[in-house]
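Reviewing the structure listed below.
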Amino acid sequence: MGAMSVRTQSSEPPDSPGAIHRAGFACFVGRPNAGKSTLTNALVGQKVAITANQPQTTRHTVRGIVHRPDAQLILVDTPGLHKPRTLLGERLNDVVRTTWAEVDVIGFCLPANEKLGPGDRFIAKELASIKKTPKIAIVTKTDLVEGKALAEQLIAIDQLGKELGFEWAEIVPVSAVADKQVDLLADLLVPLLPEGPALYPEGDLTDEPEQVMVAELIREAALEGVRDELPHSIAVVVEEMLPREDRPADRPLLDIHAFVYIERPSQKGIIIGPKGKRLKEVGIKSRKQIEALLGTPVFLDLHVKVAKDWQRDPRQLRKLGF
C-alpha cells in the first residue's frame, strides 16, 4: 500500500504562545450531497452554507470563517462542478476553476458510504490539472460505515491520486454529524495556509452580504418538498431589508421584501400551493431561520414572479446576481 498517511486524532500539545499565525482560503469540492456544506457548518460551528439534499443549491461563494488563536481559515464554497447543460452551468464551471486556482488548499469530500464513481473521477481529473494547490481528501459520513468499508474507501482514494499522478497532502476520515475528527481536519488545513495576520474581524462567520444569505435561506425553504418538480428553477432576490420605523429600541422589526423567481407560469401553482398554503409555510420556515441568523425579529413579505427561462438568459442571470 506504500506510504499512505491517514490521520486520526493525536494527543500532541498545541503550539506554544507566540507561534506563527496563518490565514488563508480553503474550498471543499465533491459531488452533490458529498457533505460539503454540513462540514463547513461543523467547522464554523454555525449554519452558514445552506445544506440541501439537492445538487447545485449553493450558488454563491458562501464563506465560512474558522477563527483560531493560531490561524484563520476562510472556507470558500464553490458551486458543484458538473457537465454543463446550460449557460448557467458553464458559468458556474468557470467560477469553480478560477476559485480552485486561487485558494490555498482544496478539500475533496468523498462520502464513506458510496463507492468512487464517475462523478468523483471527473472532479479528481480536474483537480490533477491544478498543480500548485495542495489537496486533502476528506472522507465524510464515516458514521454510516463499518471499519472495513472505511479502510477500503481510504485505499481506493489513495489509488485514485496515484492513477492521476498526484499525491494527497492528507487523507482524513471525518463525521461532521457525529463531530468526529472535525477539529483534526482544521489542524491539518491550517499548516497549508500562508503565514499572515487574520483577514477578517473576530466576530465574522461569513462575509456574504446578509441579503444573499437571507435569499439562500428562503430558496432552501422554497425547494423543500418540490425538489423533484423544480430542482433549479427557483431564484430568490431580496429587494430590500429595512428596519421598521417608529419601533421602540427594545422591540426592533426588520422588514424584508423578497421575490421568488420561477421560469414558467405553470410552476407558480406548485410554489404557492393550494390556497397559498405552501408559500405561507415557506415564509414561516425561512423567517425563523432568518431571525436566528440576524438575531432580530423579521417581517417577511414574499412574492412569486415568473422570469421566463432565466437560466438561459444572460440578462436575467445578471439581474438575479449570477
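Just remember, in the C-alpha cells the first chain shown is A, the second B, etc., residues are 1-based per chain, and ligands are 1-based in the order shown.
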Tell me, counting only C-alpha atoms, for each residue of range 192-311 of chain A within 12 Å of range 128-140 of chain A, which pair of atoms is nearest and how far apart they are in Å to one decimal, in rows ordered by chain and increasing number, as a tab-separated table.
residue	atom	partner	partner_atom	distance
A:Leu192	CA	A:Pro134	CA	7.4
A:Leu193	CA	A:Pro134	CA	9.8
A:Pro194	CA	A:Thr133	CA	11.9
Limited to all heavy atoms, could you put the picked residues into a file as a PDB file, in the first residue's frame?
ATOM      1  N   LEU A 192      -1.216  24.333   5.887  1.00  0.00           N
ATOM      2  CA  LEU A 192      -1.132  24.532   4.435  1.00  0.00           C
ATOM      3  C   LEU A 192      -1.448  25.976   4.043  1.00  0.00           C
ATOM      4  O   LEU A 192      -1.385  26.335   2.870  1.00  0.00           O
ATOM      5  CB  LEU A 192      -2.080  23.562   3.722  1.00  0.00           C
ATOM      6  CG  LEU A 192      -1.776  22.073   3.972  1.00  0.00           C
ATOM      7  CD1 LEU A 192      -2.899  21.196   3.458  1.00  0.00           C
ATOM      8  CD2 LEU A 192      -0.442  21.674   3.340  1.00  0.00           C
ATOM      9  N   LEU A 193      -1.810  26.798   5.028  1.00  0.00           N
ATOM     10  CA  LEU A 193      -2.133  28.203   4.742  1.00  0.00           C
ATOM     11  C   LEU A 193      -0.869  29.053   4.834  1.00  0.00           C
ATOM     12  O   LEU A 193       0.054  28.733   5.564  1.00  0.00           O
ATOM     13  CB  LEU A 193      -3.155  28.730   5.763  1.00  0.00           C
ATOM     14  CG  LEU A 193      -4.460  27.958   5.901  1.00  0.00           C
ATOM     15  CD1 LEU A 193      -5.308  28.568   7.006  1.00  0.00           C
ATOM     16  CD2 LEU A 193      -5.223  27.926   4.583  1.00  0.00           C
ATOM     17  N   PRO A 194      -0.856  30.174   4.096  1.00  0.00           N
ATOM     18  CA  PRO A 194       0.298  31.061   4.198  1.00  0.00           C
ATOM     19  C   PRO A 194       0.338  31.787   5.551  1.00  0.00           C
ATOM     20  O   PRO A 194      -0.710  31.986   6.171  1.00  0.00           O
ATOM     21  CB  PRO A 194       0.072  32.066   3.074  1.00  0.00           C
ATOM     22  CG  PRO A 194      -1.353  31.960   2.683  1.00  0.00           C
ATOM     23  CD  PRO A 194      -1.843  30.612   3.104  1.00  0.00           C
TER      24      PRO A 194
END
Quick check for you: according to DSSP on this backbone, which residues of range 72-236 of chain A are classed as strand (DSSP E)? Reply as a ChimeraX atom specification.
/A:72-77,105-111,135-140,170-173,234-236
Extract, using only C-alpha atoms, all DNA, RNA and protein residues at most 12 Å from Ala19 in chain A, discarding same-chain residues fewer than 6 positions from it, and format them as number ranges by chain.
A: 69-71, 195-196
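The smallest atom-to-atom distance between Gln72 in chain A and any of A:Asp187, A:Glu102, A:Glu263, A:Glu90, using only C-alpha atoms, is found for A:Asp187.
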Any chance you could tabulate, as a Markdown table, the residues of range 225-261 of chain A at most 12 Å from range 299-318 of chain A with each one's nearest atom pair and distance in Å to one decimal, using only C-alpha atoms, in chain and rising number order?
| residue | atom | partner | partner_atom | distance |
| --- | --- | --- | --- | --- |
| A:His232 | CA | A:Gln311 | CA | 8.7 |
| A:Ser233 | CA | A:Gln311 | CA | 7.5 |
| A:Ile234 | CA | A:Trp310 | CA | 9.4 |
| A:Ala235 | CA | A:Trp310 | CA | 8.9 |
| A:Val236 | CA | A:Val304 | CA | 9.2 |
| A:Val237 | CA | A:Leu302 | CA | 10.1 |
| A:Val238 | CA | A:Leu302 | CA | 9.3 |
| A:Glu239 | CA | A:Asp301 | CA | 10.2 |
| A:Glu240 | CA | A:Asp301 | CA | 10.1 |
| A:Met241 | CA | A:Leu300 | CA | 9.4 |
| A:Leu242 | CA | A:Phe299 | CA | 10.0 |
| A:Pro243 | CA | A:Phe299 | CA | 9.7 |
| A:Arg244 | CA | A:Phe299 | CA | 9.1 |
| A:Pro252 | CA | A:Phe299 | CA | 10.5 |
| A:Leu253 | CA | A:Phe299 | CA | 6.8 |
| A:Leu254 | CA | A:Phe299 | CA | 6.0 |
| A:Asp255 | CA | A:Phe299 | CA | 4.9 |
| A:Ile256 | CA | A:Leu300 | CA | 4.9 |
| A:His257 | CA | A:Asp301 | CA | 4.8 |
| A:Ala258 | CA | A:Leu302 | CA | 5.1 |
| A:Phe259 | CA | A:His303 | CA | 4.9 |
| A:Val260 | CA | A:Val304 | CA | 4.7 |
| A:Tyr261 | CA | A:Lys305 | CA | 4.9 |
Could you check which of A:Asp183, A:Asp246, A:Glu224, A:Glu229 is closest to Leu43 in chain A, using only C-alpha atoms?
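Result for the nearest residue to Leu43 in chain A: A:Asp183.
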I'd like the neighbourhood of Ala124 in chain A as number ranges by chain, where a residue qualifies if any of its atoms comes within 8 Å (using only C-alpha atoms), though same-chain residues fewer than 3 positions away should be ignored.
A: 120-121, 127-128, 160-161, 164
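Using only C-alpha atoms, the shortest contact distance between Glu126 in chain A and any of A:Ser37, A:Ile65, A:Leu294, A:Phe166 is found at A:Phe166.
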List every residue of range 62-297 of chain A that DSSP, applied to the backbone of this structure, assigns to alpha helix (DSSP H), and report them as a PDB file with C-alpha atoms, in the first residue's frame.
ATOM      1  CA  LEU A  87     -25.317  28.870 -19.886  1.00  0.00           C
ATOM      2  CA  LEU A  88     -25.703  28.958 -16.098  1.00  0.00           C
ATOM      3  CA  GLY A  89     -23.916  25.598 -15.926  1.00  0.00           C
ATOM      4  CA  GLU A  90     -20.968  26.834 -17.985  1.00  0.00           C
ATOM      5  CA  ARG A  91     -20.704  29.998 -15.966  1.00  0.00           C
ATOM      6  CA  LEU A  92     -20.695  28.030 -12.718  1.00  0.00           C
ATOM      7  CA  ASN A  93     -17.931  25.741 -14.010  1.00  0.00           C
ATOM      8  CA  ASP A  94     -15.730  28.729 -14.899  1.00  0.00           C
ATOM      9  CA  VAL A  95     -16.286  30.142 -11.431  1.00  0.00           C
ATOM     10  CA  VAL A  96     -15.261  26.788  -9.969  1.00  0.00           C
ATOM     11  CA  ARG A  97     -11.998  26.541 -11.878  1.00  0.00           C
ATOM     12  CA  THR A  98     -10.909  30.093 -11.100  1.00  0.00           C
ATOM     13  CA  THR A  99     -11.735  29.600  -7.421  1.00  0.00           C
ATOM     14  CA  TRP A 100      -9.715  26.381  -7.237  1.00  0.00           C
ATOM     15  CA  ALA A 101      -6.676  28.046  -8.702  1.00  0.00           C
ATOM     16  CA  GLU A 102      -6.905  30.920  -6.205  1.00  0.00           C
ATOM     17  CA  PRO A 118     -17.517   8.603 -12.499  1.00  0.00           C
ATOM     18  CA  GLY A 119     -18.539  11.906 -10.866  1.00  0.00           C
ATOM     19  CA  ASP A 120     -15.659  11.620  -8.389  1.00  0.00           C
ATOM     20  CA  ARG A 121     -13.199  10.751 -11.156  1.00  0.00           C
ATOM     21  CA  PHE A 122     -14.374  13.728 -13.217  1.00  0.00           C
ATOM     22  CA  ILE A 123     -13.617  16.082 -10.309  1.00  0.00           C
ATOM     23  CA  ALA A 124     -10.341  14.339  -9.391  1.00  0.00           C
ATOM     24  CA  LYS A 125      -9.136  14.719 -13.004  1.00  0.00           C
ATOM     25  CA  GLU A 126      -9.868  18.443 -12.870  1.00  0.00           C
ATOM     26  CA  LEU A 127      -8.014  18.640  -9.548  1.00  0.00           C
ATOM     27  CA  ALA A 128      -4.998  16.858 -11.034  1.00  0.00           C
ATOM     28  CA  GLY A 147     -14.238  -0.073   9.790  1.00  0.00           C
ATOM     29  CA  LYS A 148     -13.578  -2.489   6.940  1.00  0.00           C
ATOM     30  CA  ALA A 149     -15.606  -0.487   4.397  1.00  0.00           C
ATOM     31  CA  LEU A 150     -13.858   2.703   5.548  1.00  0.00           C
ATOM     32  CA  ALA A 151     -10.408   1.124   5.110  1.00  0.00           C
ATOM     33  CA  GLU A 152     -11.312   0.031   1.566  1.00  0.00           C
ATOM     34  CA  GLN A 153     -12.521   3.533   0.721  1.00  0.00           C
ATOM     35  CA  LEU A 154      -9.277   5.069   2.032  1.00  0.00           C
ATOM     36  CA  ILE A 155      -7.196   2.718  -0.117  1.00  0.00           C
ATOM     37  CA  ALA A 156      -9.355   3.447  -3.191  1.00  0.00           C
ATOM     38  CA  ILE A 157      -8.889   7.218  -2.693  1.00  0.00           C
ATOM     39  CA  ASP A 158      -5.128   6.821  -2.259  1.00  0.00           C
ATOM     40  CA  GLN A 159      -5.059   4.809  -5.530  1.00  0.00           C
ATOM     41  CA  LEU A 160      -7.138   7.439  -7.345  1.00  0.00           C
ATOM     42  CA  GLY A 161      -4.475  10.086  -6.638  1.00  0.00           C
ATOM     43  CA  LYS A 162      -1.690   7.751  -7.802  1.00  0.00           C
ATOM     44  CA  GLU A 163      -3.569   6.919 -11.033  1.00  0.00           C
ATOM     45  CA  VAL A 182     -13.607  17.813  12.605  1.00  0.00           C
ATOM     46  CA  ASP A 183     -11.049  19.640  14.778  1.00  0.00           C
ATOM     47  CA  LEU A 184      -8.306  17.419  13.411  1.00  0.00           C
ATOM     48  CA  LEU A 185      -9.303  18.418   9.881  1.00  0.00           C
ATOM     49  CA  ALA A 186      -8.863  22.083  10.846  1.00  0.00           C
ATOM     50  CA  ASP A 187      -5.463  21.196  12.381  1.00  0.00           C
ATOM     51  CA  LEU A 188      -4.383  19.672   9.070  1.00  0.00           C
ATOM     52  CA  LEU A 189      -5.701  22.502   6.880  1.00  0.00           C
ATOM     53  CA  GLU A 210     -26.691  39.384   4.641  1.00  0.00           C
ATOM     54  CA  GLN A 211     -29.131  39.839   1.780  1.00  0.00           C
ATOM     55  CA  VAL A 212     -27.558  36.951  -0.131  1.00  0.00           C
ATOM     56  CA  MET A 213     -27.689  34.678   2.907  1.00  0.00           C
ATOM     57  CA  VAL A 214     -31.312  35.599   3.532  1.00  0.00           C
ATOM     58  CA  ALA A 215     -32.101  34.832  -0.124  1.00  0.00           C
ATOM     59  CA  GLU A 216     -30.394  31.431   0.262  1.00  0.00           C
ATOM     60  CA  LEU A 217     -32.463  30.573   3.330  1.00  0.00           C
ATOM     61  CA  ILE A 218     -35.688  31.478   1.512  1.00  0.00           C
ATOM     62  CA  ARG A 219     -34.581  29.466  -1.514  1.00  0.00           C
ATOM     63  CA  GLU A 220     -33.799  26.453   0.650  1.00  0.00           C
ATOM     64  CA  ALA A 221     -37.241  26.617   2.278  1.00  0.00           C
ATOM     65  CA  ALA A 222     -38.917  27.085  -1.117  1.00  0.00           C
ATOM     66  CA  LEU A 223     -37.182  23.982  -2.500  1.00  0.00           C
ATOM     67  CA  LYS A 268     -46.430  29.248  -9.900  1.00  0.00           C
ATOM     68  CA  GLY A 269     -49.127  26.962  -8.557  1.00  0.00           C
ATOM     69  CA  ILE A 270     -46.534  24.488  -7.290  1.00  0.00           C
ATOM     70  CA  ILE A 271     -44.704  27.133  -5.273  1.00  0.00           C
ATOM     71  CA  ILE A 272     -47.809  28.885  -3.955  1.00  0.00           C
ATOM     72  CA  LYS A 277     -50.592  27.207   1.817  1.00  0.00           C
ATOM     73  CA  ARG A 278     -47.098  26.272   0.550  1.00  0.00           C
ATOM     74  CA  LEU A 279     -45.871  29.825   0.169  1.00  0.00           C
ATOM     75  CA  LYS A 280     -47.075  30.544   3.681  1.00  0.00           C
ATOM     76  CA  GLU A 281     -45.110  27.562   5.025  1.00  0.00           C
ATOM     77  CA  VAL A 282     -42.029  28.720   3.111  1.00  0.00           C
ATOM     78  CA  GLY A 283     -42.438  32.141   4.720  1.00  0.00           C
ATOM     79  CA  ILE A 284     -42.791  30.762   8.242  1.00  0.00           C
ATOM     80  CA  LYS A 285     -39.881  28.333   7.901  1.00  0.00           C
ATOM     81  CA  SER A 286     -37.431  30.781   6.334  1.00  0.00           C
ATOM     82  CA  ARG A 287     -38.454  33.600   8.663  1.00  0.00           C
ATOM     83  CA  LYS A 288     -37.459  31.515  11.695  1.00  0.00           C
ATOM     84  CA  GLN A 289     -34.057  30.815  10.173  1.00  0.00           C
ATOM     85  CA  ILE A 290     -33.532  34.431   9.109  1.00  0.00           C
ATOM     86  CA  GLU A 291     -34.357  35.591  12.637  1.00  0.00           C
ATOM     87  CA  ALA A 292     -31.832  33.111  14.025  1.00  0.00           C
ATOM     88  CA  LEU A 293     -29.223  34.304  11.529  1.00  0.00           C
ATOM     89  CA  LEU A 294     -29.739  38.032  12.053  1.00  0.00           C
TER      90      LEU A 294
END
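Our summary of the geometry notes that CA of Val103 in chain A is positioned 15.3 Å from CA of Val66 in chain A.
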Restricting the calculation to only C-alpha atoms: of A:Ile171, A:Ala198, A:Val298, A:Val44, which residue gets closest to Gly107 in chain A?
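Using only C-alpha atoms, Gly107 in chain A sits closest to A:Ile171.
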Hey, can you check how far CA of Ala34 in chain A sits from CA of Ile74 in chain A?
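According to the coordinates, CA of Ala34 in chain A and CA of Ile74 in chain A are separated by 19.7 Å.
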